[in-house]
Structures are given as C-alpha cells and as structure tokens.
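Enquirer: Take this structure, written in structure tokens, and hold onto it; I'll ask about it next.
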Amino acid sequence: MSPPSPVDRSNIRTAVLPVAGFGTRFLPITKAVPKELLPLLDRPLVDYAVAEAAAAGIERVVMVTSHGKDALPDYFAVNPDLERHLEERGKLDLLERMHALSDLVDVVTVRQRDTRGLGHAVLSARAAVGDEAFAVLLADDVIDAPRPVIAQLMDAFSPGRAVVALMDVPRPQTARYGVCAGQWLSPGRLDVQSMVEKPAPADAPSTLAIVGRYILPPEIFDLLEQTPPGAGNEYQLTDAMAALGSVTGVVYQGRRFDAGSLPGWLAANLYYARKRPDLAQALDELLKDL
Ligand code: UTP
C-alpha cells in the first residue's frame with residue numbers, strides 16, 4: 001500500500017480540546033482548579049496546547065468543558081477591567097501577552113454533560129465542529145517539538161483517515177495507553193491495523209502508544225455514537241478509531257511530558273524553566289542547594 005498523499009493542511013482549521021475530565025491524579029487541587037489550568041511556569045497547560053494548535057494554523061478551538069470548569073474559557077476571554085487597569089498603568093507588554101493567543105484563535109465552549117470518557121467528550125463537540133476534519137489535543141500531554149506535533153500529524157492526513165501521534169513506550173507501561181500495531185509505510189509512519197485501549201503488557205500488540213494528538217475525519221462522529229463503552233466503562237476514542245479502520249500513526253519528533261501526572265508535571269516545569277534565560281541559572285543554583 002502506498003502512503004496516503006498529504007493534503008493542504010489549511011483544510012484543518014478546528015481543534016477540539018477535551019478538558020472535562022476529573023483530574024483525579026491531581027486531587028485534592030483539582031477539586032477547585034481544573035487540571036488543564038495547572039501552571040507550567042507562568043502559563044497554564046491549556047495555553048501550551050492552544051499555542052501549538054495556533055502555530056499549526058488552527059483558527060478555532062472547541063473546548064469541551066464540564067461542571068466546575070468555567071475558569072478555562074475565562075482564561076481565553078477578554079477581561080475589560082483588567083485590560084483598563086493595565087492600560088492606565090502603561091503595562092502594555094503585559095496587555096500584549098494577554099492578547100497574544102486569543103487574537104490568533106476563536107475559542108468556543110461546549111459542555112460534556114456526563115464525564116463518560118474521551119470518546120464521549122469528542123462526540124460532544126460534533127455540532128460545533130460540523131462536517132469537516134478536525135484536530136484533537138489533550139492539554140496534559142505537553143510536547144516540546146521542533147515543529148508542532150499537531151502539524152506533523154496534519155502532514156500525514158488524507159480525507160477519511162484518522163492520524164494519531166505515536167510514541168514507543170517500555171512494555172510494562174502499555175496499560176496506561178491506547179496501543180497500535182500495523183505495517184510501516186515509511187520511516188516513522190505506520191498504517192495502523194489494530195488498536196487496543198490500555199492493554200495489559202502481555203496482551204499489547206506492540207509498544208507503540210498513542211499520545212494526546214489526533215486528526216480525525218468527520219466520519220468518526222457516527223462511529224462514536226455507535227461505539228459501546230470500553231476499557232474502564234468509558235466511551236473510548238480508540239475504539240471508534242478502530243471501527244473506522246483507516247488510521248495512520250506518526251512517530252512524532254519531540255519531547256513529551258505527561259503533565260497529567262505529578263512526576264510528569266514536575267519534570268515539565270523543570271525542563272521549561274531550564275530553557276528560559278531568566279530562570280535557568282536560578283534553577284541550577286537551587287538544585288545544587290537542595
Ligand atoms: P485523562 O484520562 O487524563 O482523565 O483524560 P482525567 O479525568 O483528566 O484525569 P485522571 O486520569 O482522573 O487523573 C485525558 C483528557 O481527556 C479529557 C480530560 O480533561 C483530559 O484533558 N476528558 C477525559 C474529557 O474531556 N472528558 C472525559 O470524560 C474524560
């Protein structure tokens with residue numbers, strides 16, 4: 001089989017950001033603060049995902065929220081009082097920083113009525129997305145990449161097919177991920193022939209794990225509606241993609257942090273601090289001192 005031909009990436013203009021989960025691994029803080037608003041230095045996790053989408057040419061973000069998560073759309077909304085305050089004090093650089101992302105993308109919000117899994121969250125965005133291919137980014141997968149990972153996936157997209165980001169993981173970790181197996185189309189590009197959500201290490205068809213970046217064709221919505229609950233009794237996006245049957249896996253280039261777990265979030269903070277000229281030295285001194 002020949003590799004699917006790339007299409008104009010500008011065809012994909014909408015990104016869905018599911019942010020409705022409970023974030024139980026971060027309790028108790030997630031009782032009051034949505035996981036996706038946890039800080040990575042001075043920006044919340046969700047900011048990195050939206051910045052990645054915008055850098056890949058995305059114009060519209062559909063945020064899938066749930067009860068208690070209104071602070072997420074607030075983060076992207078205009079705050080006239082604060083803007084006046086900054087303007088009056090001549091803090092124009094801060095004002096500009098606040099506008100940087102919201103000027104690039106439109107953020108709309110939809111509600112996931114019950115928190116019934118990632119597949120259900122994506123289905124909740126159906127009316128807002130419409131009948132076109134779209135991107136999905138999970139904000140707790142933070143990936144520092146030479147080129148936005150979602151753009152790397154767009155390069156591999158062709159109509160009717162899904163594209164997933166793949167990472168090789170140690171076999172004992174397969175039960176944390178959706179896992180794919182298939183045939184290599186070219187280096188780093190896989191024609192996915194089977195996918196399983198959270199397989200036990202002994203049952204995993206490979207060690208190629210799906211991380212939180214996807215391009216999905218609109219055909220996925222009917223399949224999400226038909227797919228019964230799967231692993232963890234949740235509606236799994238992986239099961240609907242398996243039913244679609246046409247999936248390309250891309251072993252992306254970049255360094256990924258699982259910022260949805262405490263060790264991963266901590267590592268991401270240290271990594272990004274080390275990359276910041278105003279923090280790197282202070283961090284090194286602090287680490288020596290500890
Ligand atoms: P996770 O699997 O990390 O679940 O979801 P979670 O609830 O956020 O966190 P833990 O595992 O309890 O600690 C991956 C992404 O999918 C979203 C989450 O908000 C997160 O961004 N999600 C998950 C939804 O939007 N709805 C759901 O029903 C489940």
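By order of appearance in the structure tokens: chains A, B, ..., then residues from 1 within every chain, and ligands from 1 in the order shown.
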Would you list the residues that come within 10 Å of ligand 1? Count only C-alpha atoms and all ligand atoms and give the answer as a VMD selection string.
Expert: chain A and resid 16 to 27 30 34 to 36 45 to 46 63 to 66 69 111 to 122 124 136 to 141 176 to 177 211 to 212 234 to 236 258 to 262
Enquirer: Could you please take those selected residues and save N, CA and C atoms as a short mmCIF file (atom, residue, chain, number, x, y, z; two decimals), in the first residue's frame?
Expert:
```
data_model
loop_
_atom_site.label_atom_id
_atom_site.label_comp_id
_atom_site.auth_asym_id
_atom_site.auth_seq_id
_atom_site.Cartn_x
_atom_site.Cartn_y
_atom_site.Cartn_z
N VAL A 16 -10.33 20.46 18.69
CA VAL A 16 -11.14 20.16 19.88
C VAL A 16 -10.20 19.93 21.05
N LEU A 17 -10.47 20.61 22.15
CA LEU A 17 -9.68 20.39 23.37
C LEU A 17 -10.60 19.83 24.45
N PRO A 18 -10.56 18.54 24.69
CA PRO A 18 -11.39 17.99 25.77
C PRO A 18 -10.74 18.33 27.11
N VAL A 19 -11.47 19.06 27.92
CA VAL A 19 -10.92 19.47 29.22
C VAL A 19 -11.93 19.21 30.33
N ALA A 20 -12.76 18.19 30.13
CA ALA A 20 -13.87 17.95 31.05
C ALA A 20 -13.57 16.91 32.12
N GLY A 21 -12.38 16.29 32.07
CA GLY A 21 -12.08 15.19 32.99
C GLY A 21 -11.98 15.64 34.44
N PHE A 22 -12.01 14.66 35.34
CA PHE A 22 -11.97 14.97 36.78
C PHE A 22 -10.55 15.27 37.27
N GLY A 23 -9.55 14.77 36.57
CA GLY A 23 -8.16 15.02 37.00
C GLY A 23 -7.88 14.40 38.36
N THR A 24 -8.32 13.15 38.56
CA THR A 24 -8.22 12.55 39.91
C THR A 24 -6.77 12.39 40.37
N ARG A 25 -5.84 12.25 39.41
CA ARG A 25 -4.44 12.07 39.83
C ARG A 25 -3.88 13.33 40.47
N PHE A 26 -4.59 14.43 40.32
CA PHE A 26 -4.13 15.68 40.93
C PHE A 26 -5.02 16.13 42.08
N LEU A 27 -5.88 15.23 42.57
CA LEU A 27 -6.64 15.61 43.77
C LEU A 27 -5.67 15.78 44.94
N THR A 30 -7.41 19.51 42.16
CA THR A 30 -8.38 19.54 41.06
C THR A 30 -9.83 19.57 41.55
N PRO A 34 -9.19 23.32 37.68
CA PRO A 34 -9.13 22.32 36.60
C PRO A 34 -7.68 21.93 36.31
N LYS A 35 -7.48 20.64 36.07
CA LYS A 35 -6.12 20.15 35.79
C LYS A 35 -5.46 20.95 34.67
N GLU A 36 -6.24 21.30 33.65
CA GLU A 36 -5.68 21.96 32.47
C GLU A 36 -5.28 23.41 32.76
N LEU A 45 -1.41 24.75 31.46
CA LEU A 45 -1.22 23.68 30.47
C LEU A 45 -2.01 23.95 29.20
N VAL A 46 -3.25 24.41 29.35
CA VAL A 46 -4.11 24.58 28.18
C VAL A 46 -3.54 25.62 27.22
N MET A 63 -13.62 24.02 23.03
CA MET A 63 -13.20 23.49 24.32
C MET A 63 -14.37 22.71 24.93
N VAL A 64 -14.13 21.46 25.28
CA VAL A 64 -15.21 20.63 25.85
C VAL A 64 -15.04 20.65 27.36
N THR A 65 -15.94 21.36 28.04
CA THR A 65 -15.80 21.54 29.49
C THR A 65 -16.89 20.77 30.23
N SER A 66 -16.83 20.88 31.54
CA SER A 66 -17.88 20.25 32.35
C SER A 66 -18.11 21.14 33.57
N LYS A 69 -15.69 23.92 35.55
CA LYS A 69 -14.51 24.19 34.72
C LYS A 69 -14.61 25.52 33.98
N ARG A 111 -20.39 21.87 26.39
CA ARG A 111 -20.41 21.11 27.65
C ARG A 111 -20.49 19.61 27.38
N GLN A 112 -19.71 18.86 28.11
CA GLN A 112 -19.90 17.41 28.13
C GLN A 112 -20.82 17.14 29.31
N ARG A 113 -22.00 16.60 29.05
CA ARG A 113 -22.99 16.51 30.14
C ARG A 113 -22.55 15.60 31.26
N ASP A 114 -22.08 14.40 30.88
CA ASP A 114 -21.52 13.48 31.88
C ASP A 114 -20.10 13.21 31.48
N THR A 115 -19.24 13.02 32.46
CA THR A 115 -17.84 12.74 32.14
C THR A 115 -17.72 11.25 31.87
N ARG A 116 -17.94 10.88 30.61
CA ARG A 116 -18.05 9.44 30.28
C ARG A 116 -16.93 8.97 29.37
N GLY A 117 -15.84 9.72 29.35
CA GLY A 117 -14.69 9.27 28.58
C GLY A 117 -14.34 10.19 27.42
N LEU A 118 -13.12 10.00 26.90
CA LEU A 118 -12.60 10.87 25.85
C LEU A 118 -13.46 10.80 24.58
N GLY A 119 -13.90 9.60 24.22
CA GLY A 119 -14.74 9.45 23.02
C GLY A 119 -16.02 10.26 23.16
N HIS A 120 -16.61 10.20 24.33
CA HIS A 120 -17.85 10.94 24.60
C HIS A 120 -17.59 12.45 24.57
N ALA A 121 -16.42 12.87 25.07
CA ALA A 121 -16.06 14.30 25.05
C ALA A 121 -15.95 14.79 23.61
N VAL A 122 -15.30 14.00 22.76
CA VAL A 122 -15.14 14.40 21.35
C VAL A 122 -16.51 14.45 20.66
N SER A 124 -19.26 15.21 22.01
CA SER A 124 -19.97 16.41 22.49
C SER A 124 -19.64 17.63 21.62
N VAL A 136 -7.52 17.07 17.48
CA VAL A 136 -7.80 16.93 18.92
C VAL A 136 -6.47 17.01 19.65
N LEU A 137 -6.42 17.84 20.68
CA LEU A 137 -5.21 17.94 21.50
C LEU A 137 -5.58 17.75 22.96
N LEU A 138 -4.86 16.88 23.65
CA LEU A 138 -5.05 16.73 25.10
C LEU A 138 -4.00 17.58 25.80
N ALA A 139 -4.49 18.55 26.57
CA ALA A 139 -3.59 19.57 27.13
C ALA A 139 -2.60 18.99 28.13
N ASP A 140 -2.93 17.82 28.70
CA ASP A 140 -1.99 17.29 29.70
C ASP A 140 -0.83 16.53 29.06
N ASP A 141 -0.86 16.32 27.75
CA ASP A 141 0.33 15.85 27.03
C ASP A 141 1.03 17.09 26.49
N ARG A 176 -1.28 1.97 30.32
CA ARG A 176 -1.67 3.38 30.50
C ARG A 176 -2.15 4.03 29.21
N TYR A 177 -2.00 3.33 28.07
CA TYR A 177 -2.20 3.98 26.77
C TYR A 177 -3.10 3.16 25.85
N VAL A 211 -0.32 9.03 21.98
CA VAL A 211 -0.32 10.17 22.90
C VAL A 211 -1.34 11.19 22.41
N GLY A 212 -1.59 12.22 23.20
CA GLY A 212 -2.77 13.06 23.02
C GLY A 212 -2.81 14.04 21.87
N GLU A 234 -15.69 3.44 29.96
CA GLU A 234 -15.77 4.77 29.36
C GLU A 234 -15.89 4.64 27.85
N TYR A 235 -16.47 5.66 27.22
CA TYR A 235 -16.54 5.70 25.76
C TYR A 235 -15.16 6.07 25.24
N GLN A 236 -14.50 5.13 24.57
CA GLN A 236 -13.10 5.31 24.20
C GLN A 236 -12.97 5.76 22.75
N ASP A 258 4.09 13.84 30.44
CA ASP A 258 2.74 13.52 30.88
C ASP A 258 2.42 14.44 32.06
N ALA A 259 2.00 15.65 31.72
CA ALA A 259 1.75 16.63 32.77
C ALA A 259 0.44 16.37 33.51
N GLY A 260 -0.24 15.28 33.17
CA GLY A 260 -1.42 14.87 33.91
C GLY A 260 -1.07 14.01 35.11
N SER A 261 0.23 13.75 35.28
CA SER A 261 0.69 13.04 36.48
C SER A 261 1.67 13.96 37.21
N LEU A 262 1.78 13.78 38.50
CA LEU A 262 2.62 14.70 39.28
C LEU A 262 4.09 14.65 38.86
#
```
Enquirer: Could you please write out, as a list in words, every residue of segment 30-108 of chain A that DSSP assigns to strand (DSSP E or B)?
Expert: Pro39, Leu40, Arg43, Pro44, Arg60, Val61, Val62, Met63, Val64, Thr65, Asp106, Val107 and Val108 of chain A
Enquirer: Keeping C-alpha atoms for every residue in the selection just given, could you write it to a file as a PDB file, in the first residue's frame?
Expert:
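Final file, part-v2.pdb:
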```
ATOM      1  CA  PRO A  39       0.741  26.135  35.750  1.00  0.00           C
ATOM      2  CA  LEU A  40       3.684  25.237  33.615  1.00  0.00           C
ATOM      3  CA  ARG A  43       1.179  29.734  31.719  1.00  0.00           C
ATOM      4  CA  PRO A  44      -1.467  27.039  32.254  1.00  0.00           C
ATOM      5  CA  ARG A  60     -10.974  27.761  16.001  1.00  0.00           C
ATOM      6  CA  VAL A  61     -10.760  25.900  19.284  1.00  0.00           C
ATOM      7  CA  VAL A  62     -13.755  23.990  20.631  1.00  0.00           C
ATOM      8  CA  MET A  63     -13.204  23.486  24.324  1.00  0.00           C
ATOM      9  CA  VAL A  64     -15.207  20.634  25.853  1.00  0.00           C
ATOM     10  CA  THR A  65     -15.798  21.541  29.486  1.00  0.00           C
ATOM     11  CA  ASP A 106     -11.513  31.858  18.407  1.00  0.00           C
ATOM     12  CA  VAL A 107     -12.364  29.799  21.448  1.00  0.00           C
ATOM     13  CA  VAL A 108     -15.870  28.383  21.758  1.00  0.00           C
TER      14      VAL A 108
END
```
Enquirer: Within 6 Å of segment 195-198 of chain A, counting only C-alpha atoms, which residues qualify if same-chain residues fewer than 2 places away don't, as a list in words?
Expert: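 Counting only C-alpha atoms, the residues come to Ala175, Arg176, Tyr177, Gly178, Val179, Cys180 and Ala242 of chain A.
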Enquirer: For the atom pair atom CA of Thr238 of chain A and atom CA of Val163 of chain A, what is the interatomic distance in Å to one decimal place?
Expert: 11.5 Å
Enquirer: Tell me which protein, DNA and RNA residues are within 7 Å of Ala240 of chain A, counting only C-alpha atoms, leaving out same-chain ones fewer than 5 positions away, and put them as a PyMOL selection string.
Expert: chain A and resi 220+223-224+227
Enquirer: Go through A:Ile143, A:Ala273, A:Ser186, A:Met241 one by one, measure the shortest atom-to-atom distance of each to Tyr48 of chain A using only C-alpha atoms, and give the residue with the smallest value.
Expert: A:Ile143
Enquirer: Atom CA of Leu237 of chain A and atom CA of Thr109 of chain A, how far apart in Å?
Expert: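 So the answer is 19.9 Å.
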Enquirer: Got a sec: who's within 12 Å of Gln253 of chain A, counting only C-alpha atoms, leaving out chain neighbours fewer than 5 positions off, as a PyMOL selection string?
Expert: chain A and resi 143-153+165-168+188-189
Enquirer: Take the residues from that selection and put them in a file with C-alpha atoms, as an mmCIF file, in the first residue's frame.
Expert:
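To be explicit, this is the file written out as again_39.cif:
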```cif
data_model
loop_
_atom_site.group_PDB
_atom_site.id
_atom_site.type_symbol
_atom_site.label_atom_id
_atom_site.label_comp_id
_atom_site.auth_asym_id
_atom_site.auth_seq_id
_atom_site.Cartn_x
_atom_site.Cartn_y
_atom_site.Cartn_z
ATOM 1 C CA ILE A 143 5.262 18.195 23.808
ATOM 2 C CA ASP A 144 8.224 20.417 23.045
ATOM 3 C CA ALA A 145 8.884 19.861 19.353
ATOM 4 C CA PRO A 146 10.888 21.401 16.519
ATOM 5 C CA ARG A 147 7.600 21.617 14.604
ATOM 6 C CA PRO A 148 4.193 21.488 16.349
ATOM 7 C CA VAL A 149 3.239 17.835 16.718
ATOM 8 C CA ILE A 150 -0.282 18.525 15.503
ATOM 9 C CA ALA A 151 1.277 19.961 12.301
ATOM 10 C CA GLN A 152 3.398 16.797 11.959
ATOM 11 C CA LEU A 153 0.105 14.862 12.038
ATOM 12 C CA ALA A 165 0.661 10.508 17.371
ATOM 13 C CA LEU A 166 2.737 7.502 18.417
ATOM 14 C CA MET A 167 5.494 7.041 20.961
ATOM 15 C CA ASP A 168 7.446 3.879 21.791
ATOM 16 C CA GLY A 188 8.017 6.808 11.375
ATOM 17 C CA ARG A 189 4.710 6.368 9.552
#
```
Enquirer: If I take atom CA of Leu216 of chain A and atom CA of Pro201 of chain A, how far is one from the other in Å, to one decimal?
Expert: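 About the pair atom CA of Leu216 of chain A and atom CA of Pro201 of chain A: they are 27.2 Å apart.
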